[in-house]
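See below for the structure under consideration.
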Amino acid sequence: MNILGRTYRLRVAASDEASLRKAAQTIESQAKQYGNMYAYNDHQDLLAMVALTQITQLTKMQDSLRFKDTDLAERLQSIDSVLEGILHPAKETQNSL
């Protein structure tokens with residue numbers, strides 16, 4: 001694996017190899033873009049900028065998924081309550097007493 005002219009030897013499962021190569025290409029591409037945009041030549045700075053960008057995007061996606069999971073759980077609970085009332089109306093009457 002080569003990123004910004006530096007070779008990294010990694011052992012990975014064959015099933016992960018394509019994803020790892022794609023990730024390396026993304027890092028290389030973004031680092032080169034940042035180098036061109038900001039006239040940086042220091043690879044460590046470029047890699048730090050790529051890492052910050054990628055982790056920021058990951059954090060946003062995780063927050064979004066967490067919100068969607070919470071929203072989904074609330075909606076499922078509401079549906080479950082409605083179905084419970086339909087399927088077992090006697091329980092609803094007892095619970096309200």
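Naming works like this for the structure tokens: A, B, ... for the chains as they're shown, residue 1 at the start of each chain, ligands 1 onward in shown order.
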| Can you list, as a list in words, every residue of chain A that DSSP puts in strand (DSSP E)? |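 Secondary structure check on chain A, strand (DSSP E): Asn2, Ile3, Arg6 and Thr7 of chain A.
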| At what distance in Å, to one decimal, does CA of Gly5 in chain A lie from CA of Asn41 in chain A? | 12.4 Å
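Distance-wise, CA of Leu46 in chain A and CA of Gln30 in chain A end up 8.4 Å apart.
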